Number of protein chains: 2
Amino acid sequence: MEELIIKGKKAKEASYFLAQASTAGKNQILDHVAETLINESGNILKANQNDMINAEKAGLKGAIMDRLLLTEERIVSMAEGLKEIAALEDPVGEVLAMRKRPNGLIIGQKRVPMGVIGIIYESRPNVTADVFGLCLKTGNATILRGGKEAYASNLAITSIIQNVLAENGFPAECLQLVENTSRESAVALMQLDQYLDLLIPRGGAGLIRTVVENSHVPVIETGVGNCHIYVDDSADLEKALAITINAKIQRPGVCNAAESLLVHQNVAREFLPQVGTELLKHQVEIRGDKAVCQLIDGAKPATEKDWGTEFLDLIISAAVVSSMDDAISHIQRYGSGHSEAIITENYSRAQTFLDKVDAAAVYINASTRFTDGFEFGFGAEIGISTQKLHARGPMGLKELTSTKYIIYGDGQIRE
Amino acid sequence: MEELIIKGKKAKEASYFLAQASTAGKNQILDHVAETLINESGNILKANQNDMINAEKAGLKGAIMDRLLLTEERIVSMAEGLKEIAALEDPVGEVLAMRKRPNGLIIGQKRVPMGVIGIIYESRPNVTADVFGLCLKTGNATILRGGKEAYASNLAITSIIQNVLAENGFPAECLQLVENTSRESAVALMQLDQYLDLLIPRGGAGLIRTVVENSHVPVIETGVGNCHIYVDDSADLEKALAITINAKIQRPGVCNAAESLLVHQNVAREFLPQVGTELLKHQVEIRGDKAVCQLIDGAKPATEKDWGTEFLDLIISAAVVSSMDDAISHIQRYGSGHSEAIITENYSRAQTFLDKVDAAAVYINASTRFTDGFEFGFGAEIGISTQKLHARGPMGLKELTSTKYIIYGDGQIRE
């Protein structure tokens with residue numbers, strides 16, 4: 001697709017500029033963009049209004065409409081996000097593990113930008129500014145391919161950013177928005193490996209699957225979280241209760257919310273009625289195995305499919321297990337490798353659970369809701385990786401960089 | 001493909017075992033396999049003899065036949081490789097950057113195995129033992145899909161390894177060889193993302209391209225090296241001569257050999273006749289631009305295609321450039337991002353070249369031939385990554401691992 005090849009070339013050019021840009025220069029852009037977004041919020045809101053009207057005409061409803069909506073407050077929050085990124089340390093240029101080899105070569109590993117990053121996303125226009133901030137700070141050029149329904153909003157935000165870039169002597173092509181929002185343009189972006197170094201899909205499971213199956217560009221898979229809370233028979237049941245409720249209801253629509261509760265048989269009789277009452281009080285639907293349904297009035301029988309489902313809603317699956325090993329097997333079978341927690345006061349069980357459970361984040365006695373770049377102290381987050389290559393768990397600035405070996409010689413040749 | 005689904009499941013099971021295996025246990029396997037390969041070398045050589053006969057019947061010749069061939073000496077070298085891996089430090093279990101958050105959560109990043117690694121390779125049967133050693137040491141289960149022409153050799157080696165695994169109480173499925181060597185089995189392996197965490201193609205550019213375009217599993221792209229030597233006008237021309245000759249002729253068939261020479265116009269008249277004489281003396285064909293052809297008797301005119309070609313042979317392309325920036329532009333346009341060198345005595349030019357050239361390894365005053373896991377001091381190498389995700393440059397043991405966040409709480413819930 002011609003549009004993408006042209007944008008790819010321009011992005012590559014811009015990436016060479018960005019790789020050499022100073023931290024001060026990049027931070028100045030971020031601060032100016034933050035101010036300009038607020039000063040020109042009227043234009044952004046007008047464009048968003050158009051998107052909202054068209055979306056309504058197209059029959060979109062509910063959660064999608066909410067994700068699409070921009071408000072004065074949401075624009076302020078976008079601007080604040082950029083200022084926070086400006087305040088973070090620049091990871092580019094750090095030299096790791098420099099050492100001298102017996103032949104006198106001095107070899108170090110230098111942190112450098114990825115180059116050109118592609119982002120495919122759906123209806124949230126605030127992703128436009130968020131992603132730009134993270135990629136610019138890490139010296140990467142960005143090609144955005146947002147959803148059709150958010151195009152006017154994305155274009156308004158991108159135009160503001162491109163003006164600020166140009167005014168400050170940066171190539172406007174540090175950020176580019178794909179104009180063609182057809183399915184074909186998404187596929188063309190996935191095949192743009194000549195120019196793209198990394199592709200990150202941000203959206204639902206369907207989008208992520210499509211990208212994984214079609215991309216020739218290296219992908220980081222983010223998002224799907226079928227997270228479990230396992231309550232061991234050594235657990236402090238007060239902690240177990242508070243953590244289960246928090247992990248399920250504090251924000252049920254996000255990937256680090258708990259979707260499944262596993263309870264050791266020795267404490268099932270005591271714990272399940274308590275947690276059942278609390279969950280039901282908070283309008284949580286409980287889908288349980290036989291033992292759970294016997295111990296919680298109001299629990300419904302779970303189907304096989306429920307164990308593997310990320311509900312993203314006020315629903316939880318629940319089962320009684322005969323041992324911690326049983327719980328770990330269940331998690332291995334149904335988990336998505338996102339966040340898993342054990343509640344226990346037993347030292348050895350805690351360590352064994354940490355060792356054996358294969359997930360991006362494994363918790364002892366804490367809510368899975370903490371799997372988040374801000375909660376982990378990174379000051380920013382581009383997503384939560386559930387793959388094992390390159391980045392696993394919350395991704396901050398460092399995860400948007402690569403490295404290169406730099407070698408200082410004095411005429412060395414290989415024998 | 002049923003064979004692959006069964007092998008995928010078994011590999012996943014074996015990976016859970018391996019993730020908990022002790023370093024001592026893994027090292028014992030490596031030492032036993034090394035001994036057994038030598039003790040049973042007769043069987044391996046017999047199987048290899050069959051492969052060689054069939055390959056000859058099929059009309060294979062030259063370099064492929066040499067890659068396919070095993071000898072007593074090559075088996076000893078495979079065994080020694082395994083012993084060297086046994087002697088290296090085990091990267092699994094290291095905890096990085098543990099810290100306490102304001103809410104009391106203690107968060108660390110623990111190095112863990114990838115899980116299941118797939119390797120697609122061509123005619124070299126020694127890859128079977130090499131890859132097994134690296135993957136076992138890092139706690140990964142491995143599925144090998146080798147070339148049809150090496151099947152008997154690969155099977156003989158795999159059987160020996162599986163016996164040693166079983167005798168030592170490890171699952172034999174820590175290493176599995178795909179029986180079906182059709183094109184379909186390679187594609188099926190690329191789509192086995194349900195069980196595979198990583199896929200590494202080892203072979204020529206065609207194989208790597210096929211894997212990049214078809215894999216649903218995260219891939220590490222290795223290998224293609226169109227490496228340049230740039231001789232600046234500030235160069236010590238003695239060093240420049242020695243390095244150019246070494247980088248081109250010391251082992252021309254490998255990815256870190258130089259394929260292209262760029263010379264600053266101010267030293268072209270002095271340097272090119274010298275280097276030309278030496279190259280021609282070593283039977284190197286020189287394909288030059290106009291200026292090069294004028295200054296080197298016996299140089300042939302280069303075509304546009306030559307600038308982008310990895311010859312892997314006694315051929316070098318050569319051009320005169322008007323400045324270092326010109327050289328960098330040429331490298332950006334034609335380079336493959338593998339290894340690039342500048343020869344200079346000028347401090348600022350050296351630093352600028354290091355900064356601006358976008359490659360896995362960038363050298364000042366040294367031969368590109370050093371881009372190698374052993375030369376870099378890693379003690380092992382699974383390949384040289386030319387992508388930017390996860391690993392860039394020579395990959396040692398650490399690059400075959402992932403991480404997971406481990407979080408120690410005391411009942412924390414998210415506000």
# chains A, B, ... in the order shown; residues from 1 in each chain; ligands from 1
$ residues_around --residues "segment 8-22 of chain A" --least-positions-apart "2" --cutoff "7 Å" --atoms "only C-alpha atoms" --output "ChimeraX atom specification"
/A:4-6,24-26,113,115-116,139-142,171,173-174,195
$ residues_around --residues "Ser323 of chain B" --least-positions-apart "2" --cutoff "12 Å" --atoms "only C-alpha atoms" --output "MDAnalysis selection string"
chainID B and resid 230:234 262:268 319:321 325:330 349 353
$ select_by_dssp --residues "segment 155-401 of chain A" --states "strand (DSSP E or B)" --output "JSON, numbers by chain"
{"A": [175, 176, 177, 198, 199, 200, 201, 202, 219, 222, 227, 228, 229, 230, 231, 258, 259, 260, 261, 262, 263, 264, 285, 286, 287, 288, 300, 301, 315, 316, 317, 318, 319, 320, 321, 339, 340, 341, 342, 343, 361, 362, 363, 364, 365, 366, 383, 384, 385, 393, 394, 395, 401]}
$ write_last_selection --atoms "C-alpha atoms" --output "CSV table (one decimal), in the first residue's frame"
chain,number,residue,atom,x,y,z
A,175,LEU,CA,4.6,11.0,14.4
A,176,GLN,CA,2.4,9.9,11.5
A,177,LEU,CA,-1.3,8.8,11.5
A,198,LEU,CA,8.3,-3.2,16.4
A,199,LEU,CA,4.5,-3.4,16.3
A,200,ILE,CA,2.3,-3.2,19.3
A,201,PRO,CA,-1.4,-3.9,19.1
A,202,ARG,CA,-3.5,-2.1,21.7
A,219,VAL,CA,5.2,-8.0,17.9
A,222,THR,CA,-0.2,-7.4,25.4
A,227,CYS,CA,-5.9,-14.0,36.6
A,228,HIS,CA,-6.3,-16.3,39.6
A,229,ILE,CA,-6.4,-15.9,43.4
A,230,TYR,CA,-5.4,-19.1,45.2
A,231,VAL,CA,-6.3,-19.2,48.8
A,258,ALA,CA,-9.1,-11.5,39.1
A,259,GLU,CA,-11.3,-13.8,37.0
A,260,SER,CA,-11.0,-16.9,39.0
A,261,LEU,CA,-10.8,-18.0,42.7
A,262,LEU,CA,-9.3,-21.3,43.8
A,263,VAL,CA,-9.7,-22.4,47.5
A,264,HIS,CA,-8.0,-25.2,49.3
A,285,GLU,CA,-21.9,-13.4,39.6
A,286,ILE,CA,-20.2,-16.5,40.9
A,287,ARG,CA,-19.7,-19.5,38.6
A,288,GLY,CA,-18.6,-22.4,40.7
A,300,LYS,CA,-24.3,-20.9,39.5
A,301,PRO,CA,-22.6,-24.0,38.0
A,315,ILE,CA,-18.3,-12.4,37.1
A,316,ILE,CA,-15.9,-14.8,38.8
A,317,SER,CA,-15.3,-18.5,38.4
A,318,ALA,CA,-14.5,-20.4,41.6
A,319,ALA,CA,-13.3,-23.9,42.4
A,320,VAL,CA,-12.2,-26.0,45.4
A,321,VAL,CA,-8.8,-27.7,45.0
A,339,SER,CA,-0.9,-12.2,37.0
A,340,GLU,CA,-1.4,-14.9,39.6
A,341,ALA,CA,-1.6,-14.7,43.4
A,342,ILE,CA,-1.3,-17.1,46.4
A,343,ILE,CA,-2.6,-16.2,49.8
A,361,ALA,CA,3.7,-11.4,37.6
A,362,VAL,CA,3.3,-13.8,40.6
A,363,TYR,CA,2.1,-12.5,43.9
A,364,ILE,CA,2.3,-13.6,47.5
A,365,ASN,CA,-0.4,-12.0,49.7
A,366,ALA,CA,-1.3,-9.1,47.4
A,383,GLY,CA,1.0,-2.0,28.0
A,384,ILE,CA,1.4,-5.3,29.9
A,385,SER,CA,3.3,-7.9,27.9
A,393,GLY,CA,4.8,-7.7,32.5
A,394,PRO,CA,4.3,-4.0,32.6
A,395,MET,CA,6.4,-2.2,30.0
A,401,THR,CA,14.5,0.6,23.6
$ residues_around --residues "Ile44 of chain A" --least-positions-apart "2" --cutoff "12 Å" --atoms "only C-alpha atoms" --output "PDB file with N, CA and C atoms, in the first residue's frame"
ATOM      1  N   THR A  36      -0.136  22.850  24.294  1.00  0.00           N
ATOM      2  CA  THR A  36      -0.923  23.119  23.089  1.00  0.00           C
ATOM      3  C   THR A  36      -2.203  22.276  23.067  1.00  0.00           C
ATOM      4  N   LEU A  37      -2.129  21.066  23.580  1.00  0.00           N
ATOM      5  CA  LEU A  37      -3.340  20.242  23.625  1.00  0.00           C
ATOM      6  C   LEU A  37      -4.422  20.955  24.429  1.00  0.00           C
ATOM      7  N   ILE A  38      -4.021  21.565  25.538  1.00  0.00           N
ATOM      8  CA  ILE A  38      -5.005  22.273  26.372  1.00  0.00           C
ATOM      9  C   ILE A  38      -5.471  23.557  25.674  1.00  0.00           C
ATOM     10  N   ASN A  39      -4.528  24.315  25.128  1.00  0.00           N
ATOM     11  CA  ASN A  39      -4.906  25.554  24.420  1.00  0.00           C
ATOM     12  C   ASN A  39      -5.837  25.282  23.246  1.00  0.00           C
ATOM     13  N   GLU A  40      -5.632  24.161  22.571  1.00  0.00           N
ATOM     14  CA  GLU A  40      -6.454  23.876  21.389  1.00  0.00           C
ATOM     15  C   GLU A  40      -7.487  22.789  21.661  1.00  0.00           C
ATOM     16  N   SER A  41      -7.847  22.647  22.920  1.00  0.00           N
ATOM     17  CA  SER A  41      -8.791  21.581  23.271  1.00  0.00           C
ATOM     18  C   SER A  41     -10.126  21.760  22.549  1.00  0.00           C
ATOM     19  N   GLY A  42     -10.481  23.023  22.246  1.00  0.00           N
ATOM     20  CA  GLY A  42     -11.730  23.275  21.526  1.00  0.00           C
ATOM     21  C   GLY A  42     -11.768  22.522  20.197  1.00  0.00           C
ATOM     22  N   LYS A  46     -14.220  19.414  19.164  1.00  0.00           N
ATOM     23  CA  LYS A  46     -15.102  19.533  17.996  1.00  0.00           C
ATOM     24  C   LYS A  46     -14.930  18.300  17.087  1.00  0.00           C
ATOM     25  N   ALA A  47     -13.679  17.926  16.853  1.00  0.00           N
ATOM     26  CA  ALA A  47     -13.414  16.729  16.036  1.00  0.00           C
ATOM     27  C   ALA A  47     -14.000  15.495  16.706  1.00  0.00           C
ATOM     28  N   ASN A  48     -13.846  15.404  18.015  1.00  0.00           N
ATOM     29  CA  ASN A  48     -14.370  14.249  18.742  1.00  0.00           C
ATOM     30  C   ASN A  48     -15.902  14.203  18.665  1.00  0.00           C
ATOM     31  N   GLN A  49     -16.496  15.383  18.697  1.00  0.00           N
ATOM     32  CA  GLN A  49     -17.959  15.471  18.568  1.00  0.00           C
ATOM     33  C   GLN A  49     -18.396  14.826  17.244  1.00  0.00           C
ATOM     34  N   ASN A  50     -17.679  15.130  16.174  1.00  0.00           N
ATOM     35  CA  ASN A  50     -17.971  14.519  14.871  1.00  0.00           C
ATOM     36  C   ASN A  50     -17.875  13.001  14.931  1.00  0.00           C
ATOM     37  N   ASP A  51     -16.779  12.526  15.538  1.00  0.00           N
ATOM     38  CA  ASP A  51     -16.621  11.074  15.676  1.00  0.00           C
ATOM     39  C   ASP A  51     -17.795  10.474  16.450  1.00  0.00           C
ATOM     40  N   LEU A  69     -15.141   8.778  23.674  1.00  0.00           N
ATOM     41  CA  LEU A  69     -15.437  10.144  24.141  1.00  0.00           C
ATOM     42  C   LEU A  69     -14.216  10.861  24.717  1.00  0.00           C
ATOM     43  N   LEU A  70     -14.027  12.102  24.270  1.00  0.00           N
ATOM     44  CA  LEU A  70     -13.050  12.988  24.917  1.00  0.00           C
ATOM     45  C   LEU A  70     -13.806  14.093  25.653  1.00  0.00           C
ATOM     46  N   THR A  71     -13.254  14.513  26.778  1.00  0.00           N
ATOM     47  CA  THR A  71     -13.820  15.636  27.530  1.00  0.00           C
ATOM     48  C   THR A  71     -12.661  16.565  27.865  1.00  0.00           C
ATOM     49  N   GLU A  72     -13.001  17.752  28.315  1.00  0.00           N
ATOM     50  CA  GLU A  72     -11.977  18.712  28.769  1.00  0.00           C
ATOM     51  C   GLU A  72     -11.069  18.010  29.791  1.00  0.00           C
ATOM     52  N   ARG A  74     -10.446  14.784  30.173  1.00  0.00           N
ATOM     53  CA  ARG A  74      -9.602  13.743  29.582  1.00  0.00           C
ATOM     54  C   ARG A  74      -8.426  14.363  28.823  1.00  0.00           C
ATOM     55  N   ILE A  75      -8.658  15.529  28.228  1.00  0.00           N
ATOM     56  CA  ILE A  75      -7.555  16.196  27.526  1.00  0.00           C
ATOM     57  C   ILE A  75      -6.512  16.690  28.533  1.00  0.00           C
ATOM     58  N   VAL A  76      -6.993  17.225  29.656  1.00  0.00           N
ATOM     59  CA  VAL A  76      -6.057  17.639  30.714  1.00  0.00           C
ATOM     60  C   VAL A  76      -5.234  16.441  31.178  1.00  0.00           C
ATOM     61  N   PRO A 125      -9.055   7.629  21.512  1.00  0.00           N
ATOM     62  CA  PRO A 125      -8.183   8.658  20.931  1.00  0.00           C
ATOM     63  C   PRO A 125      -7.063   9.109  21.872  1.00  0.00           C
ATOM     64  N   ASN A 126      -7.220   8.924  23.180  1.00  0.00           N
ATOM     65  CA  ASN A 126      -6.158   9.352  24.092  1.00  0.00           C
ATOM     66  C   ASN A 126      -4.882   8.532  23.916  1.00  0.00           C
ATOM     67  N   ALA A 129      -1.958  10.465  21.993  1.00  0.00           N
ATOM     68  CA  ALA A 129      -1.003  11.312  22.718  1.00  0.00           C
ATOM     69  C   ALA A 129      -0.122  10.472  23.653  1.00  0.00           C
ATOM     70  N   ALA A 150     -12.509   6.696  15.404  1.00  0.00           N
ATOM     71  CA  ALA A 150     -11.832   7.781  16.143  1.00  0.00           C
ATOM     72  C   ALA A 150     -10.973   8.650  15.228  1.00  0.00           C
ATOM     73  N   TYR A 151     -11.157   8.508  13.916  1.00  0.00           N
ATOM     74  CA  TYR A 151     -10.203   9.140  12.999  1.00  0.00           C
ATOM     75  C   TYR A 151     -10.118  10.661  13.143  1.00  0.00           C
ATOM     76  N   ALA A 152     -11.259  11.326  13.233  1.00  0.00           N
ATOM     77  CA  ALA A 152     -11.234  12.803  13.316  1.00  0.00           C
ATOM     78  C   ALA A 152     -10.516  13.245  14.589  1.00  0.00           C
ATOM     79  N   SER A 153     -10.787  12.578  15.691  1.00  0.00           N
ATOM     80  CA  SER A 153     -10.122  12.931  16.958  1.00  0.00           C
ATOM     81  C   SER A 153      -8.625  12.682  16.862  1.00  0.00           C
ATOM     82  N   ASN A 154      -8.245  11.508  16.320  1.00  0.00           N
ATOM     83  CA  ASN A 154      -6.825  11.178  16.193  1.00  0.00           C
ATOM     84  C   ASN A 154      -6.097  12.174  15.297  1.00  0.00           C
ATOM     85  N   LEU A 155      -6.787  12.584  14.227  1.00  0.00           N
ATOM     86  CA  LEU A 155      -6.182  13.527  13.287  1.00  0.00           C
ATOM     87  C   LEU A 155      -5.971  14.885  13.949  1.00  0.00           C
ATOM     88  N   ALA A 156      -6.954  15.320  14.728  1.00  0.00           N
ATOM     89  CA  ALA A 156      -6.832  16.623  15.412  1.00  0.00           C
ATOM     90  C   ALA A 156      -5.641  16.593  16.366  1.00  0.00           C
ATOM     91  N   ILE A 157      -5.506  15.511  17.126  1.00  0.00           N
ATOM     92  CA  ILE A 157      -4.402  15.412  18.096  1.00  0.00           C
ATOM     93  C   ILE A 157      -3.062  15.307  17.363  1.00  0.00           C
ATOM     94  N   THR A 158      -3.015  14.479  16.316  1.00  0.00           N
ATOM     95  CA  THR A 158      -1.772  14.308  15.559  1.00  0.00           C
ATOM     96  C   THR A 158      -1.327  15.618  14.917  1.00  0.00           C
ATOM     97  N   SER A 159      -2.276  16.387  14.367  1.00  0.00           N
ATOM     98  CA  SER A 159      -1.921  17.654  13.706  1.00  0.00           C
ATOM     99  C   SER A 159      -1.298  18.619  14.702  1.00  0.00           C
ATOM    100  N   ILE A 160      -1.878  18.689  15.878  1.00  0.00           N
ATOM    101  CA  ILE A 160      -1.312  19.571  16.917  1.00  0.00           C
ATOM    102  C   ILE A 160       0.124  19.148  17.231  1.00  0.00           C
ATOM    103  N   ILE A 161       0.328  17.846  17.392  1.00  0.00           N
ATOM    104  CA  ILE A 161       1.665  17.342  17.742  1.00  0.00           C
ATOM    105  C   ILE A 161       2.651  17.622  16.602  1.00  0.00           C
TER     106      ILE A 161
END
$ interface_residues --of "chain B" --to "chain A" --cutoff "6 Å" --atoms "only C-alpha atoms" --output "short mmCIF file (atom, residue, chain, number, x, y, z; two decimals) with N, CA and C atoms, in the first residue's frame"
data_model
loop_
_atom_site.label_atom_id
_atom_site.label_comp_id
_atom_site.auth_asym_id
_atom_site.auth_seq_id
_atom_site.Cartn_x
_atom_site.Cartn_y
_atom_site.Cartn_z
N VAL B 212 10.07 -15.53 9.17
CA VAL B 212 9.60 -14.20 9.56
C VAL B 212 8.20 -13.95 8.98
N GLU B 213 7.96 -14.42 7.75
CA GLU B 213 6.68 -14.13 7.10
C GLU B 213 5.55 -15.04 7.56
N HIS B 216 3.67 -17.49 13.69
CA HIS B 216 2.82 -16.87 14.70
C HIS B 216 3.56 -16.84 16.04
N LYS B 239 46.67 0.08 9.92
CA LYS B 239 45.56 -0.61 10.60
C LYS B 239 44.43 -0.88 9.60
N ILE B 243 43.01 -4.58 8.88
CA ILE B 243 41.62 -4.87 9.27
C ILE B 243 40.79 -5.25 8.05
N ALA B 360 23.88 -3.99 14.97
CA ALA B 360 24.03 -4.78 16.19
C ALA B 360 25.39 -4.55 16.84
N ALA B 361 26.44 -4.38 16.02
CA ALA B 361 27.78 -4.14 16.56
C ALA B 361 28.47 -3.08 15.73
N VAL B 362 28.96 -2.04 16.38
CA VAL B 362 29.64 -0.96 15.67
C VAL B 362 31.06 -0.85 16.25
N TYR B 363 32.06 -0.92 15.35
CA TYR B 363 33.47 -1.01 15.74
C TYR B 363 34.24 0.25 15.41
N ILE B 364 35.17 0.60 16.29
CA ILE B 364 36.22 1.55 15.95
C ILE B 364 37.52 0.76 15.87
N ASN B 365 38.19 0.84 14.74
CA ASN B 365 39.53 0.26 14.59
C ASN B 365 39.64 -1.21 14.98
N ALA B 366 38.68 -2.01 14.50
CA ALA B 366 38.80 -3.46 14.73
C ALA B 366 38.03 -4.18 13.64
N SER B 367 38.36 -5.42 13.44
CA SER B 367 37.74 -6.24 12.41
C SER B 367 36.31 -6.62 12.79
N LYS B 388 15.91 -5.98 16.62
CA LYS B 388 16.13 -5.12 17.78
C LYS B 388 15.36 -5.59 19.00
N LEU B 389 14.41 -6.50 18.80
CA LEU B 389 13.59 -6.96 19.92
C LEU B 389 14.31 -8.07 20.67
N HIS B 390 14.33 -7.98 21.98
CA HIS B 390 14.81 -9.01 22.90
C HIS B 390 16.33 -9.15 22.91
N SER B 402 13.84 -15.63 29.83
CA SER B 402 12.90 -14.53 29.99
C SER B 402 12.97 -14.10 31.46
N LYS B 404 10.33 -13.05 35.06
CA LYS B 404 8.98 -12.80 35.57
C LYS B 404 9.09 -11.93 36.80
N TYR B 405 8.07 -11.11 37.03
CA TYR B 405 8.06 -10.30 38.24
C TYR B 405 7.58 -11.16 39.41
N ILE B 406 8.32 -11.09 40.50
CA ILE B 406 7.89 -11.77 41.72
C ILE B 406 7.60 -10.68 42.75
N ILE B 407 6.45 -10.79 43.40
CA ILE B 407 5.99 -9.72 44.29
C ILE B 407 5.64 -10.29 45.66
N TYR B 408 6.35 -9.79 46.68
CA TYR B 408 6.11 -10.22 48.06
C TYR B 408 5.23 -9.17 48.74
N GLY B 409 4.03 -9.59 49.13
CA GLY B 409 3.11 -8.66 49.77
C GLY B 409 2.81 -9.07 51.21
N ASP B 410 1.96 -8.24 51.83
CA ASP B 410 1.57 -8.49 53.21
C ASP B 410 0.11 -8.13 53.36
N GLY B 411 -0.66 -8.46 52.32
CA GLY B 411 -2.08 -8.15 52.34
C GLY B 411 -2.45 -6.90 51.56
N GLN B 412 -1.52 -6.35 50.78
CA GLN B 412 -1.81 -5.09 50.05
C GLN B 412 -2.99 -5.23 49.07
N ILE B 413 -3.84 -4.24 49.09
CA ILE B 413 -4.89 -4.13 48.07
C ILE B 413 -4.79 -2.75 47.43
#
$ residues_around --residues "Thr23 of chain B" --least-positions-apart "3" --cutoff "9 Å" --atoms "only C-alpha atoms" --output "VMD selection string"
chain B and resid 26 to 28 86 89 to 90 92 137
$ select_by_dssp --residues "segment 29-223 of chain A" --states "alpha helix (DSSP H)" --output "ChimeraX atom specification"
/A:29-39,41-57,62-68,72-87,126-137,151-167,183-190,205-214
$ write_last_selection --atoms "C-alpha atoms" --output "compact mmCIF listing (two decimals), in the first residue's frame"
# COMPACT_ATOMS: atom_id res chain seq x y z
CA ILE A 29 8.50 18.98 22.71
CA LEU A 30 6.59 16.99 25.32
CA ASP A 31 5.96 20.10 27.44
CA HIS A 32 4.92 22.19 24.42
CA VAL A 33 2.57 19.49 23.19
CA ALA A 34 1.02 19.29 26.66
CA GLU A 35 0.33 23.04 26.66
CA THR A 36 -0.92 23.12 23.09
CA LEU A 37 -3.34 20.24 23.62
CA ILE A 38 -5.00 22.27 26.37
CA ASN A 39 -4.91 25.55 24.42
CA SER A 41 -8.79 21.58 23.27
CA GLY A 42 -11.73 23.27 21.53
CA ASN A 43 -10.61 21.89 18.14
CA ILE A 44 -10.01 18.43 19.58
CA LEU A 45 -13.44 18.35 21.23
CA LYS A 46 -15.10 19.53 18.00
CA ALA A 47 -13.41 16.73 16.04
CA ASN A 48 -14.37 14.25 18.74
CA GLN A 49 -17.96 15.47 18.57
CA ASN A 50 -17.97 14.52 14.87
CA ASP A 51 -16.62 11.07 15.68
CA MET A 52 -19.27 10.62 18.38
CA ILE A 53 -22.09 11.63 16.02
CA ASN A 54 -20.88 9.28 13.28
CA ALA A 55 -20.40 6.48 15.77
CA GLU A 56 -23.93 6.92 17.03
CA LYS A 57 -25.24 6.89 13.46
CA GLY A 62 -22.03 1.51 25.56
CA ALA A 63 -18.38 0.88 26.41
CA ILE A 64 -17.10 1.74 22.91
CA MET A 65 -18.84 5.14 23.02
CA ASP A 66 -17.26 5.81 26.40
CA ARG A 67 -13.79 4.87 25.13
CA LEU A 68 -14.28 7.13 22.13
CA GLU A 72 -11.98 18.71 28.77
CA GLU A 73 -10.93 16.58 31.74
CA ARG A 74 -9.60 13.74 29.58
CA ILE A 75 -7.56 16.20 27.53
CA VAL A 76 -6.06 17.64 30.71
CA SER A 77 -5.19 14.12 31.77
CA MET A 78 -3.48 13.47 28.38
CA ALA A 79 -1.45 16.68 28.83
CA GLU A 80 -0.49 15.72 32.37
CA GLY A 81 0.63 12.31 31.13
CA LEU A 82 3.02 13.98 28.67
CA LYS A 83 4.45 16.22 31.41
CA GLU A 84 5.02 13.18 33.60
CA ILE A 85 6.89 11.46 30.77
CA ALA A 86 9.02 14.59 30.29
CA ALA A 87 10.00 14.38 33.96
CA ASN A 126 -6.16 9.35 24.09
CA VAL A 127 -3.82 6.51 23.02
CA THR A 128 -2.60 8.88 20.28
CA ALA A 129 -1.00 11.31 22.72
CA ASP A 130 0.05 8.65 25.26
CA VAL A 131 1.92 6.55 22.71
CA PHE A 132 3.49 9.60 21.10
CA GLY A 133 4.88 10.70 24.47
CA LEU A 134 6.40 7.31 25.29
CA CYS A 135 7.87 6.80 21.81
CA LEU A 136 9.29 10.34 21.48
CA LYS A 137 10.93 10.17 24.89
CA TYR A 151 -10.20 9.14 13.00
CA ALA A 152 -11.23 12.80 13.32
CA SER A 153 -10.12 12.93 16.96
CA ASN A 154 -6.83 11.18 16.19
CA LEU A 155 -6.18 13.53 13.29
CA ALA A 156 -6.83 16.62 15.41
CA ILE A 157 -4.40 15.41 18.10
CA THR A 158 -1.77 14.31 15.56
CA SER A 159 -1.92 17.65 13.71
CA ILE A 160 -1.31 19.57 16.92
CA ILE A 161 1.67 17.34 17.74
CA GLN A 162 3.12 17.62 14.22
CA ASN A 163 2.92 21.42 14.37
CA VAL A 164 4.77 21.49 17.68
CA LEU A 165 7.42 19.11 16.27
CA ALA A 166 7.99 21.32 13.22
CA GLU A 167 8.04 24.54 15.27
CA ARG A 183 -8.66 -3.53 7.19
CA GLU A 184 -6.14 -3.54 4.35
CA SER A 185 -4.12 -0.72 5.87
CA ALA A 186 -3.80 -2.66 9.12
CA VAL A 187 -2.52 -5.71 7.24
CA ALA A 188 -0.14 -3.53 5.19
CA LEU A 189 1.28 -2.10 8.41
CA MET A 190 1.83 -5.65 9.72
CA ALA A 205 -8.17 -10.13 22.15
CA GLY A 206 -9.42 -10.30 18.55
CA LEU A 207 -7.17 -7.49 17.37
CA ILE A 208 -4.15 -8.96 19.16
CA ARG A 209 -4.76 -12.41 17.66
CA THR A 210 -5.01 -10.95 14.14
CA VAL A 211 -1.72 -9.13 14.58
CA VAL A 212 0.09 -12.19 16.00
CA GLU A 213 -1.10 -14.29 13.06
CA ASN A 214 -0.36 -11.82 10.29
$ atom_distance --atom1 "atom CA of Leu279 of chain A" --atom2 "atom CA of Gly225 of chain A"
19.9 Å
$ atom_distance --atom1 "atom CA of Met98 of chain A" --atom2 "atom CA of Gly373 of chain A"
28.4 Å
$ atom_distance --atom1 "atom CA of Ala58 of chain B" --atom2 "atom CA of Thr181 of chain B"
15.6 Å
$ closest_residue --among "A:Ala302, A:Ala380, A:Ala291, A:Val224" --to "Ser336 of chain A" --atoms "only C-alpha atoms"
A:Val224
